[in-house]
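Peer 1: The following file, structure.pdb, comprises PDB, C-alpha atoms, pLDDT in the B column:
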ATOM      1  CA  MET A 144       2.517  20.353  36.634  1.00 44.00           C
ATOM      2  CA  ARG A 145      -0.074  22.732  38.158  1.00 40.00           C
ATOM      3  CA  ASP A 146      -2.798  20.096  37.501  1.00 44.00           C
ATOM      4  CA  SER A 147      -0.719  17.431  39.265  1.00 43.00           C
ATOM      5  CA  VAL A 148      -0.273  19.629  42.352  1.00 39.00           C
ATOM      6  CA  TRP A 149      -4.018  20.345  42.450  1.00 44.00           C
ATOM      7  CA  LYS A 150      -4.800  16.624  42.183  1.00 45.00           C
ATOM      8  CA  ALA A 151      -2.362  15.865  45.013  1.00 41.00           C
ATOM      9  CA  GLN A 152      -4.005  18.473  47.259  1.00 48.00           C
ATOM     10  CA  GLN A 153      -7.456  17.026  46.504  1.00 52.00           C
ATOM     11  CA  MET A 154      -6.270  13.504  47.333  1.00 46.00           C
ATOM     12  CA  LEU A 155      -4.685  14.567  50.605  1.00 44.00           C
ATOM     13  CA  SER A 156      -7.836  16.416  51.619  1.00 52.00           C
ATOM     14  CA  LYS A 157      -9.756  13.161  51.135  1.00 52.00           C
ATOM     15  CA  GLY A 158      -7.453  11.363  53.518  1.00 55.00           C
ATOM     16  CA  LEU A 159      -5.428   9.356  51.034  1.00 49.00           C
ATOM     17  CA  SER A 160      -1.978   8.342  52.198  1.00 54.00           C
ATOM     18  CA  ALA A 161       1.073   9.732  50.431  1.00 50.00           C
ATOM     19  CA  SER A 162       1.960   6.288  49.024  1.00 51.00           C
ATOM     20  CA  ALA A 163      -1.551   5.748  47.638  1.00 45.00           C
ATOM     21  CA  MET A 164      -1.495   9.226  46.160  1.00 45.00           C
ATOM     22  CA  ILE A 165       1.805   8.510  44.361  1.00 46.00           C
ATOM     23  CA  ILE A 166       0.416   5.280  42.886  1.00 41.00           C
ATOM     24  CA  LEU A 167      -2.743   6.980  41.615  1.00 42.00           C
ATOM     25  CA  LEU A 168      -0.824   9.888  40.109  1.00 40.00           C
ATOM     26  CA  SER A 169       1.612   7.544  38.367  1.00 42.00           C
ATOM     27  CA  LEU A 170      -1.254   5.501  36.915  1.00 38.00           C
ATOM     28  CA  THR A 171      -2.932   8.689  35.707  1.00 40.00           C
ATOM     29  CA  TYR A 172       0.313   9.781  34.071  1.00 37.00           C
ATOM     30  CA  GLU A 173       0.824   6.417  32.349  1.00 36.00           C
ATOM     31  CA  VAL A 174      -2.710   6.349  30.947  1.00 34.00           C
ATOM     32  CA  SER A 175      -2.519   9.925  29.680  1.00 34.00           C
ATOM     33  CA  THR A 176       0.906   9.269  28.134  1.00 35.00           C
ATOM     34  CA  PHE A 177      -0.393   6.183  26.316  1.00 37.00           C
ATOM     35  CA  ALA A 178      -3.399   8.133  25.060  1.00 35.00           C
ATOM     36  CA  ASP A 179      -1.119  10.844  23.684  1.00 39.00           C
ATOM     37  CA  THR A 180       1.186   8.433  21.844  1.00 48.00           C
ATOM     38  CA  SER A 181      -1.131   5.637  20.650  1.00 85.00           C
ATOM     39  CA  TRP A 182      -2.461   5.406  17.098  1.00 92.00           C
ATOM     40  CA  PRO A 183      -6.114   6.116  16.236  1.00 93.00           C
ATOM     41  CA  THR A 184      -8.076   2.880  15.861  1.00 92.00           C
ATOM     42  CA  LEU A 185     -10.781   2.214  13.266  1.00 92.00           C
ATOM     43  CA  SER A 186     -13.960   0.277  14.020  1.00 92.00           C
ATOM     44  CA  ASP A 187     -12.503  -2.886  12.450  1.00 88.00           C
ATOM     45  CA  GLY A 188      -9.465  -2.790  14.744  1.00 89.00           C
ATOM     46  CA  ARG A 189      -6.923  -1.463  12.262  1.00 91.00           C
ATOM     47  CA  ILE A 190      -4.765   1.461  13.292  1.00 93.00           C
ATOM     48  CA  GLU A 191      -4.575   4.694  11.304  1.00 95.00           C
ATOM     49  CA  ILE A 192      -1.185   6.122  10.340  1.00 95.00           C
ATOM     50  CA  ASP A 193      -0.809   9.526   8.682  1.00 95.00           C
ATOM     51  CA  LEU A 194       2.086   9.533   6.218  1.00 94.00           C
ATOM     52  CA  ASN A 195       2.368  13.308   5.821  1.00 92.00           C
ATOM     53  CA  GLY A 196      -1.114  13.677   4.379  1.00 92.00           C
ATOM     54  CA  VAL A 197      -1.617  10.162   3.023  1.00 94.00           C
ATOM     55  CA  ARG A 198      -3.695   8.255   5.578  1.00 95.00           C
ATOM     56  CA  ILE A 199      -3.459   4.478   5.681  1.00 95.00           C
ATOM     57  CA  ALA A 200      -5.038   1.789   7.844  1.00 93.00           C
ATOM     58  CA  VAL A 201      -3.083  -1.322   8.793  1.00 91.00           C
ATOM     59  CA  ALA A 202      -3.865  -4.411  10.823  1.00 87.00           C
ATOM     60  CA  THR A 203      -1.805  -5.185  13.900  1.00 86.00           C
ATOM     61  CA  GLU A 204      -1.954  -8.907  13.114  1.00 80.00           C
ATOM     62  CA  ASN A 205       0.786 -10.172  10.773  1.00 74.00           C
ATOM     63  CA  ALA A 206       2.591  -6.965  11.680  1.00 78.00           C
ATOM     64  CA  ASP A 207       5.784  -8.034   9.909  1.00 83.00           C
ATOM     65  CA  SER A 208       3.985  -8.361   6.551  1.00 86.00           C
ATOM     66  CA  ILE A 209       3.939  -4.580   6.023  1.00 91.00           C
ATOM     67  CA  HIS A 210       7.245  -2.845   5.336  1.00 94.00           C
ATOM     68  CA  PHE A 211       7.806   0.908   5.674  1.00 95.00           C
ATOM     69  CA  TYR A 212      10.798   2.441   3.871  1.00 95.00           C
ATOM     70  CA  LEU A 213      11.682   6.052   4.718  1.00 94.00           C
ATOM     71  CA  SER A 214      13.903   8.472   2.805  1.00 92.00           C
ATOM     72  CA  GLN A 215      16.324   9.148   5.649  1.00 87.00           C
ATOM     73  CA  ARG A 216      16.988   5.452   6.369  1.00 82.00           C
ATOM     74  CA  ARG A 217      19.698   4.188   4.032  1.00 75.00           C
ATOM     75  CA  SER A 218      18.923   0.538   4.635  1.00 78.00           C
ATOM     76  CA  GLY A 219      16.304  -1.626   6.267  1.00 85.00           C
ATOM     77  CA  TYR A 220      12.650  -0.980   6.912  1.00 92.00           C
ATOM     78  CA  LEU A 221      10.176  -0.569   9.749  1.00 93.00           C
ATOM     79  CA  THR A 222       7.162  -2.759  10.418  1.00 93.00           C
ATOM     80  CA  VAL A 223       3.856  -2.157  12.176  1.00 93.00           C
ATOM     81  CA  ARG A 224       5.460  -3.739  15.223  1.00 92.00           C
ATOM     82  CA  ASP A 225       7.982  -0.881  15.320  1.00 93.00           C
ATOM     83  CA  PHE A 226       5.180   1.692  15.048  1.00 94.00           C
ATOM     84  CA  LEU A 227       3.387   0.104  18.010  1.00 93.00           C
ATOM     85  CA  ARG A 228       6.564  -0.192  20.084  1.00 92.00           C
ATOM     86  CA  ASP A 229       7.619   3.448  19.673  1.00 93.00           C
ATOM     87  CA  PRO A 230       4.790   5.666  18.344  1.00 94.00           C
ATOM     88  CA  ASP A 231       6.567   8.939  19.108  1.00 93.00           C
ATOM     89  CA  GLY A 232       9.756   7.822  17.385  1.00 93.00           C
ATOM     90  CA  ALA A 233       7.799   6.604  14.371  1.00 93.00           C
ATOM     91  CA  ARG A 234       5.957   9.926  14.111  1.00 94.00           C
ATOM     92  CA  ARG A 235       9.247  11.822  14.172  1.00 94.00           C
ATOM     93  CA  LEU A 236      10.637   9.658  11.361  1.00 94.00           C
ATOM     94  CA  ILE A 237       7.497  10.235   9.292  1.00 94.00           C
ATOM     95  CA  GLU A 238       7.639  14.008   9.782  1.00 94.00           C
ATOM     96  CA  GLU A 239      11.298  14.112   8.758  1.00 94.00           C
ATOM     97  CA  ALA A 240      10.865  11.933   5.658  1.00 94.00           C
ATOM     98  CA  THR A 241      10.712  13.455   2.159  1.00 93.00           C
ATOM     99  CA  TRP A 242       9.187  10.236   0.863  1.00 95.00           C
ATOM    100  CA  ILE A 243       7.738   7.064   2.388  1.00 95.00           C
ATOM    101  CA  SER A 244       7.226   3.732   0.651  1.00 95.00           C
ATOM    102  CA  VAL A 245       4.914   1.016   1.996  1.00 95.00           C
ATOM    103  CA  GLU A 246       4.850  -2.583   0.730  1.00 93.00           C
ATOM    104  CA  VAL A 247       2.151  -5.012   1.861  1.00 91.00           C
ATOM    105  CA  TYR A 248       2.846  -8.749   1.493  1.00 85.00           C
ATOM    106  CA  ARG A 249       0.817 -11.921   2.156  1.00 71.00           C
ATOM    107  CA  LEU A 250      -2.457 -10.253   1.280  1.00 70.00           C
ATOM    108  CA  ASN A 251      -4.620 -13.244   2.227  1.00 58.00           C
ATOM    109  CA  GLY A 252      -4.186 -12.400   5.898  1.00 52.00           C
ATOM    110  CA  LEU A 253      -4.684  -8.675   5.448  1.00 57.00           C
ATOM    111  CA  ILE A 254      -7.595  -8.183   3.044  1.00 62.00           C
ATOM    112  CA  PRO A 255     -11.079  -9.242   4.245  1.00 58.00           C
ATOM    113  CA  ASN A 256     -13.370 -11.414   2.096  1.00 53.00           C
ATOM    114  CA  LYS A 257     -10.613 -11.961  -0.448  1.00 54.00           C
ATOM    115  CA  PRO A 258     -11.667 -14.559  -3.085  1.00 51.00           C
ATOM    116  CA  GLU A 259      -9.318 -17.512  -3.347  1.00 48.00           C
ATOM    117  CA  LYS A 260      -8.858 -16.986  -7.099  1.00 52.00           C
ATOM    118  CA  GLU A 261      -7.244 -13.604  -6.415  1.00 50.00           C
ATOM    119  CA  THR A 262      -4.377 -15.037  -4.369  1.00 52.00           C
ATOM    120  CA  HIS A 263      -1.912 -14.568  -7.241  1.00 69.00           C
ATOM    121  CA  VAL A 264      -1.572 -10.877  -6.255  1.00 83.00           C
ATOM    122  CA  ASP A 265       1.616 -11.127  -4.257  1.00 86.00           C
ATOM    123  CA  SER A 266       1.915  -7.590  -2.927  1.00 90.00           C
ATOM    124  CA  VAL A 267       0.684  -4.023  -3.270  1.00 93.00           C
ATOM    125  CA  GLY A 268       2.546  -0.834  -2.516  1.00 94.00           C
ATOM    126  CA  ILE A 269       2.231   2.914  -2.172  1.00 95.00           C
ATOM    127  CA  PHE A 270       4.842   5.653  -2.365  1.00 95.00           C
ATOM    128  CA  SER A 271       4.061   8.992  -0.706  1.00 93.00           C
ATOM    129  CA  GLY A 272       6.082  11.834  -2.224  1.00 90.00           C
ATOM    130  CA  HIS A 273       7.798  12.403  -5.555  1.00 87.00           C
ATOM    131  CA  ASP A 274       8.690   9.014  -7.046  1.00 88.00           C
ATOM    132  CA  PRO A 275      11.504   9.245  -9.644  1.00 86.00           C
ATOM    133  CA  ASN A 276      11.274   5.522 -10.388  1.00 86.00           C
ATOM    134  CA  CYS A 277       7.594   5.755 -11.281  1.00 85.00           C
ATOM    135  CA  GLU A 278       8.186   8.878 -13.364  1.00 85.00           C
ATOM    136  CA  ALA A 279      10.854   6.947 -15.266  1.00 87.00           C
ATOM    137  CA  TRP A 280       8.315   4.229 -16.081  1.00 86.00           C
ATOM    138  CA  LYS A 281       5.770   6.653 -17.575  1.00 87.00           C
ATOM    139  CA  PRO A 282       7.452   6.947 -21.011  1.00 89.00           C
ATOM    140  CA  THR A 283       7.951   3.163 -21.075  1.00 87.00           C
ATOM    141  CA  TYR A 284       4.262   2.497 -20.561  1.00 88.00           C
ATOM    142  CA  LYS A 285       3.468   5.152 -23.159  1.00 89.00           C
ATOM    143  CA  GLU A 286       5.727   3.306 -25.604  1.00 87.00           C
ATOM    144  CA  TYR A 287       3.725   0.135 -24.951  1.00 86.00           C
ATOM    145  CA  ARG A 288       0.552   2.061 -25.774  1.00 90.00           C
ATOM    146  CA  ASP A 289       1.927   3.835 -28.855  1.00 90.00           C
ATOM    147  CA  VAL A 290       2.812   0.521 -30.500  1.00 85.00           C
ATOM    148  CA  PHE A 291      -0.893  -0.254 -30.842  1.00 84.00           C
ATOM    149  CA  LEU A 292      -2.280   3.168 -31.800  1.00 85.00           C
ATOM    150  CA  ASN A 293      -1.834   2.686 -35.524  1.00 73.00           C
ATOM    151  CA  SER A 294      -1.452  -1.049 -35.466  1.00 73.00           C
ATOM    152  CA  ASP A 295      -3.473  -3.787 -37.099  1.00 78.00           C
ATOM    153  CA  LEU A 296      -2.976  -5.885 -33.997  1.00 79.00           C
ATOM    154  CA  VAL A 297      -6.279  -6.676 -32.347  1.00 84.00           C
ATOM    155  CA  ALA A 298      -6.995  -7.339 -28.711  1.00 85.00           C
ATOM    156  CA  ASP A 299      -7.555 -10.889 -27.523  1.00 86.00           C
ATOM    157  CA  LYS A 300     -10.927 -12.024 -26.225  1.00 88.00           C
ATOM    158  CA  PHE A 301     -10.062 -10.493 -22.827  1.00 89.00           C
ATOM    159  CA  GLY A 302      -9.216  -7.090 -24.337  1.00 90.00           C
ATOM    160  CA  TRP A 303      -5.443  -7.334 -23.774  1.00 92.00           C
ATOM    161  CA  MET A 304      -2.775  -6.742 -26.408  1.00 88.00           C
ATOM    162  CA  SER A 305       0.872  -7.728 -26.666  1.00 84.00           C
ATOM    163  CA  GLN A 306       3.335  -7.636 -29.563  1.00 69.00           C
ATOM    164  CA  THR A 307       4.146 -11.315 -29.089  1.00 65.00           C
ATOM    165  CA  ALA A 308       2.780 -13.989 -26.804  1.00 58.00           C
ATOM    166  CA  SER A 309       5.991 -14.040 -24.749  1.00 61.00           C
ATOM    167  CA  ALA A 310       7.005 -10.363 -24.858  1.00 71.00           C
ATOM    168  CA  GLY A 311       5.698  -9.577 -21.381  1.00 82.00           C
ATOM    169  CA  GLN A 312       4.424  -6.111 -22.341  1.00 87.00           C
ATOM    170  CA  PHE A 313       0.642  -5.888 -22.089  1.00 90.00           C
ATOM    171  CA  VAL A 314      -1.826  -3.086 -22.782  1.00 93.00           C
ATOM    172  CA  LYS A 315      -5.602  -2.924 -22.496  1.00 94.00           C
ATOM    173  CA  PHE A 316      -7.557   0.077 -23.790  1.00 94.00           C
ATOM    174  CA  LEU A 317     -10.741   0.905 -21.921  1.00 93.00           C
ATOM    175  CA  ASP A 318     -12.230   1.996 -25.280  1.00 93.00           C
ATOM    176  CA  ASP A 319     -10.622  -0.088 -27.996  1.00 89.00           C
ATOM    177  CA  SER A 320     -12.623   1.740 -30.669  1.00 89.00           C
ATOM    178  CA  ASP A 321     -10.859   5.027 -29.817  1.00 91.00           C
ATOM    179  CA  ARG A 322      -7.364   4.033 -28.756  1.00 90.00           C
ATOM    180  CA  LEU A 323      -5.911   7.512 -29.220  1.00 91.00           C
ATOM    181  CA  ASN A 324      -8.167   9.077 -26.565  1.00 93.00           C
ATOM    182  CA  SER A 325      -8.779   6.054 -24.390  1.00 94.00           C
ATOM    183  CA  ARG A 326      -7.339   5.470 -20.949  1.00 95.00           C
ATOM    184  CA  TYR A 327      -5.482   2.185 -20.704  1.00 94.00           C
ATOM    185  CA  HIS A 328      -3.905  -0.377 -18.409  1.00 94.00           C
ATOM    186  CA  ALA A 329      -0.248  -1.306 -18.868  1.00 93.00           C
ATOM    187  CA  ILE A 330       1.508  -4.263 -17.255  1.00 92.00           C
ATOM    188  CA  ASN A 331       5.168  -5.195 -17.509  1.00 90.00           C
ATOM    189  CA  CYS A 332       6.146  -8.859 -17.021  1.00 88.00           C
ATOM    190  CA  ASP A 333       9.447 -10.679 -16.888  1.00 86.00           C
ATOM    191  CA  PRO A 334       9.292 -13.198 -19.783  1.00 81.00           C
ATOM    192  CA  VAL A 335      11.712 -15.546 -17.999  1.00 81.00           C
ATOM    193  CA  PHE A 336      10.378 -15.693 -14.436  1.00 83.00           C
ATOM    194  CA  GLY A 337       6.827 -14.442 -14.982  1.00 81.00           C
ATOM    195  CA  ARG A 338       6.941 -11.667 -12.396  1.00 88.00           C
ATOM    196  CA  CYS A 339       4.527  -8.887 -13.389  1.00 90.00           C
ATOM    197  CA  ARG A 340       4.097  -5.344 -12.120  1.00 92.00           C
ATOM    198  CA  SER A 341       2.225  -2.133 -12.820  1.00 92.00           C
ATOM    199  CA  THR A 342       3.079   1.241 -11.279  1.00 93.00           C
ATOM    200  CA  VAL A 343       0.870   4.335 -11.507  1.00 92.00           C
ATOM    201  CA  CYS A 344       1.963   7.699 -10.090  1.00 86.00           C
ATOM    202  CA  ARG A 345      -0.047  10.903  -9.812  1.00 84.00           C
ATOM    203  CA  GLU A 346      -0.271  13.811  -7.361  1.00 80.00           C
ATOM    204  CA  ASN A 347       2.682  12.668  -5.230  1.00 86.00           C
ATOM    205  CA  LEU A 348       1.130   9.244  -4.645  1.00 93.00           C
ATOM    206  CA  THR A 349       2.289   6.107  -6.419  1.00 94.00           C
ATOM    207  CA  THR A 350       0.255   2.899  -6.347  1.00 95.00           C
ATOM    208  CA  SER A 351       1.697  -0.409  -7.510  1.00 94.00           C
ATOM    209  CA  PHE A 352       1.072  -4.142  -7.436  1.00 93.00           C
ATOM    210  CA  ASN A 353       3.016  -7.324  -8.179  1.00 92.00           C
ATOM    211  CA  PHE A 354       1.799 -10.743  -9.233  1.00 89.00           C
ATOM    212  CA  HIS A 355       2.885 -13.973 -10.866  1.00 85.00           C
ATOM    213  CA  GLY A 356       1.694 -13.919 -14.467  1.00 81.00           C
ATOM    214  CA  PHE A 357       2.421 -17.386 -15.842  1.00 79.00           C
ATOM    215  CA  VAL A 358      -0.294 -20.006 -16.269  1.00 73.00           C
ATOM    216  CA  PRO A 359      -0.064 -22.098 -13.070  1.00 67.00           C
ATOM    217  CA  GLY A 360       0.841 -25.789 -13.220  1.00 62.00           C
ATOM    218  CA  ASN A 361       1.964 -25.607 -16.826  1.00 59.00           C
ATOM    219  CA  GLY A 362       5.421 -27.154 -16.436  1.00 58.00           C
ATOM    220  CA  PHE A 363       8.122 -25.178 -18.208  1.00 60.00           C
ATOM    221  CA  SER A 364       5.636 -23.256 -20.346  1.00 62.00           C
ATOM    222  CA  ARG A 365       6.159 -19.497 -20.429  1.00 69.00           C
ATOM    223  CA  ALA A 366       2.571 -18.673 -21.383  1.00 77.00           C
ATOM    224  CA  PHE A 367       1.074 -15.713 -19.548  1.00 81.00           C
ATOM    225  CA  ASN A 368      -2.286 -16.180 -17.855  1.00 82.00           C
ATOM    226  CA  VAL A 369      -3.835 -13.143 -19.561  1.00 84.00           C
ATOM    227  CA  GLY A 370      -7.337 -14.387 -18.813  1.00 82.00           C
ATOM    228  CA  GLU A 371      -6.722 -13.596 -15.133  1.00 86.00           C
ATOM    229  CA  PHE A 372      -5.291 -10.100 -15.621  1.00 89.00           C
ATOM    230  CA  ASP A 373      -8.657  -8.399 -15.104  1.00 91.00           C
ATOM    231  CA  ALA A 374      -9.213 -10.290 -11.843  1.00 88.00           C
ATOM    232  CA  THR A 375      -5.708  -9.260 -10.810  1.00 89.00           C
ATOM    233  CA  LEU A 376      -6.521  -5.583 -11.397  1.00 92.00           C
ATOM    234  CA  ILE A 377      -9.714  -5.903  -9.344  1.00 90.00           C
ATOM    235  CA  ALA A 378      -7.818  -7.597  -6.500  1.00 88.00           C
ATOM    236  CA  ALA A 379      -5.027  -4.995  -6.547  1.00 91.00           C
ATOM    237  CA  LYS A 380      -7.499  -2.102  -6.537  1.00 92.00           C
ATOM    238  CA  LYS A 381      -9.417  -3.671  -3.644  1.00 89.00           C
ATOM    239  CA  ALA A 382      -6.242  -4.202  -1.617  1.00 90.00           C
ATOM    240  CA  LEU A 383      -4.978  -0.664  -2.231  1.00 93.00           C
ATOM    241  CA  GLU A 384      -8.313   0.929  -1.334  1.00 92.00           C
ATOM    242  CA  TYR A 385      -8.396  -1.170   1.837  1.00 91.00           C
ATOM    243  CA  LEU A 386      -4.969   0.195   2.717  1.00 92.00           C
ATOM    244  CA  LEU A 387      -5.642   3.840   1.793  1.00 94.00           C
ATOM    245  CA  ILE A 388      -8.270   5.698   3.842  1.00 93.00           C
ATOM    246  CA  GLU A 389     -10.962   7.544   1.865  1.00 89.00           C
ATOM    247  CA  ARG A 390      -9.104   7.352  -1.458  1.00 90.00           C
ATOM    248  CA  ARG A 391     -10.291   5.887  -4.722  1.00 92.00           C
ATOM    249  CA  VAL A 392      -7.567   4.072  -6.623  1.00 93.00           C
ATOM    250  CA  ASP A 393      -7.287   4.423 -10.412  1.00 94.00           C
ATOM    251  CA  LEU A 394      -4.865   1.955 -12.000  1.00 95.00           C
ATOM    252  CA  THR A 395      -5.231   3.336 -15.541  1.00 94.00           C
ATOM    253  CA  PHE A 396      -2.995   5.664 -17.541  1.00 92.00           C
ATOM    254  CA  PRO A 397      -4.279   8.705 -19.477  1.00 88.00           C
TER
END
Can you give me the file's structure in the form of structure tokens?
Peer 2:
Amino acid sequence: MRDSVWKAQQMLSKGLSASAMIILLSLTYEVSTFADTSWPTLSDGRIEIDLNGVRIAVATENADSIHFYLSQRRSGYLTVRDFLRDPDGARRLIEEATWISVEVYRLNGLIPNKPEKETHVDSVGIFSGHDPNCEAWKPTYKEYRDVFLNSDLVADKFGWMSQTASAGQFVKFLDDSDRLNSRYHAINCDPVFGRCRSTVCRENLTTSFNFHGFVPGNGFSRAFNVGEFDATLIAAKKALEYLLIERRVDLTFP
């Protein structure tokens, strides 16, 4: 308020009319207000959003392709459009949330230089805060792993293992010669519809991805396209690291 009075006195001393002074002061106020409430912008045009310590960068194009779910909202989600429309309100919701989940869809329009063969990654997601659902999956993935620790089953030529061709439970050890101590990937697939997912949670941050796992264009066959699983992991990691600022993503289990 004191600054505004000083500016008004300076303008009057320069001979500005009262009406001109009001216009200039209002413009100054609007610009400063926008600067205080806008989101930081990265060099590539994406805006930065701080989710209580987890920083993400999102594009303003295809704004409805990114969904934000917050703990205090019982239903529905916010989009980037909502964050741009009401930055202050969005910040308040973030500060009040005990957890925040973000799902990114239609990755082709959101990830730069994305190879066409990686388009079968349908979505990636993060969960900031304690994730009970992910914690519940940990013993399940461990069960997948334990099946192969003392098993005569060998990995296929791509390094992946499954109890049966249609079971939909896949494991890949990073060091197949030392399965007991090796980190591993675990993927769970629906054997009927072919929807596949992997969820990894650590240090109050969950990363996940979804993809269609069946061999494309194979009629009613329920064969999984295991040969593309490695490319799927690469695509998911790339998409998640593009979303998360200054964070390396590890999609393996200990």
Peer 1: Adding 5 Å on each side of the box along x, y and z that holds all listed atoms of stretch 209-214 of chain A, could you give its centre and edge lengths in Å to one decimal, as JSON?
Peer 2:
{"center_x": 8.9, "center_y": 1.9, "center_z": 4.4, "size_x": 20.0, "size_y": 23.1, "size_z": 13.2}
Peer 1: Check which residues satisfy the PyMOL selection byres ((chain A and resi 194) around 8) in the file shown, then give them as a list in words.
Peer 2: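 This file, filtered by the PyMOL selection byres ((chain A and resi 194) around 8), leaves Ile192, Asp193, Asn195, Gly196, Val197, Arg198, Ile199, Ile237, Glu238, Ile243 and Ser271 of chain A.
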Peer 1: Contacts of A:Asp318 at 12 Å or less, counting only C-alpha atoms, minus same-chain residues fewer than 6 places along, as JSON, numbers by chain?
Peer 2: {"A": [292, 298, 302, 303, 324, 325, 326, 327, 328, 397]}
Peer 1: Pick out the closest residue to A:Thr375 from this set: A:Cys339, A:Met304, A:Ala200, A:Leu227. Count all atoms listed in the file.
Peer 2: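 Residue with the minimum atom-to-atom distance to A:Thr375: A:Cys339.
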Peer 1: Counting all atoms listed in the file, select every polymer residue within 7 Å of (-3.3, -20.4, -18.6) as defined in the file's coordinates, and provide the selection as JSON, numbers by chain.
Peer 2: {"A": [358, 359, 366, 367, 368]}
Peer 1: Output C-alpha atoms for every residue in the selection just made, as a PDB file, in the frame of the given file.
Peer 2:
ATOM      1  CA  VAL A 358      -0.294 -20.006 -16.269  1.00 73.00           C
ATOM      2  CA  PRO A 359      -0.064 -22.098 -13.070  1.00 67.00           C
ATOM      3  CA  ALA A 366       2.571 -18.673 -21.383  1.00 77.00           C
ATOM      4  CA  PHE A 367       1.074 -15.713 -19.548  1.00 81.00           C
ATOM      5  CA  ASN A 368      -2.286 -16.180 -17.855  1.00 82.00           C
TER       6      ASN A 368
END
Peer 1: Starting from the PyMOL selection byres ((chain A and resi 212) around 6), expand the selection into actual residues of this file and give them as a list of chain:residue names.
Peer 2: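 That expression, the PyMOL selection byres ((chain A and resi 212) around 6), corresponds here to A:Phe211, A:Leu213, A:Tyr220, A:Ile243, A:Ser244.
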Peer 1: For atom CA of A:Arg189 and atom CA of A:Ala206, determine how far apart the two atoms are, in Å to one decimal place.
Peer 2: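 Those two atoms sit 11.0 Å apart.
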Peer 1: Using all atoms listed in the file, find the one residue out of A:Phe372, A:Asn205, A:Asp319, A:Ala279 that sits nearest to A:Leu296.
Peer 2: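 Of A:Phe372, A:Asn205, A:Asp319, A:Ala279, the one nearest A:Leu296, counting all atoms listed in the file, is A:Asp319.
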Peer 1: Can you translate the PyMOL selection byres ((chain A and resi 222) around 6) into the concrete residues it hits in this file, as number ranges by chain?
Peer 2: A: 207, 209-210, 221, 223-225
Peer 1: Using Å and a single decimal, report how far atom CA of A:Val335 sits from atom CA of A:Asp274.
Peer 2: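 These atoms are spaced 27.1 Å apart.
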Peer 1: Do you have the atom CA of A:Ala240-atom CA of A:Leu348 distance handy?
Peer 2: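 Pair atom CA of A:Ala240 / atom CA of A:Leu348 returns 14.4 Å.
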Peer 1: Taking into account all atoms listed in the file, which residue in the set A:Arg340, A:His355, A:His273, A:Arg216 is nearest to A:Glu239?
Peer 2: A:Arg216
Peer 1: From the list A:Phe336, A:Phe291, A:Phe352, A:Trp242, which residue is nearest A:Lys315 when using all atoms listed in the file?
Peer 2: A:Phe291
Peer 1: Taking 5 positions as the minimum chain separation for residues in the same chain, which residues sit within 8 Å of A:Phe313 when counting only C-alpha atoms? Answer as a list in words.
Peer 2: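 Result of the neighbour search: Tyr287, Trp303, Met304, Ser305, Ala329, Ile330 and Asn331 of chain A.
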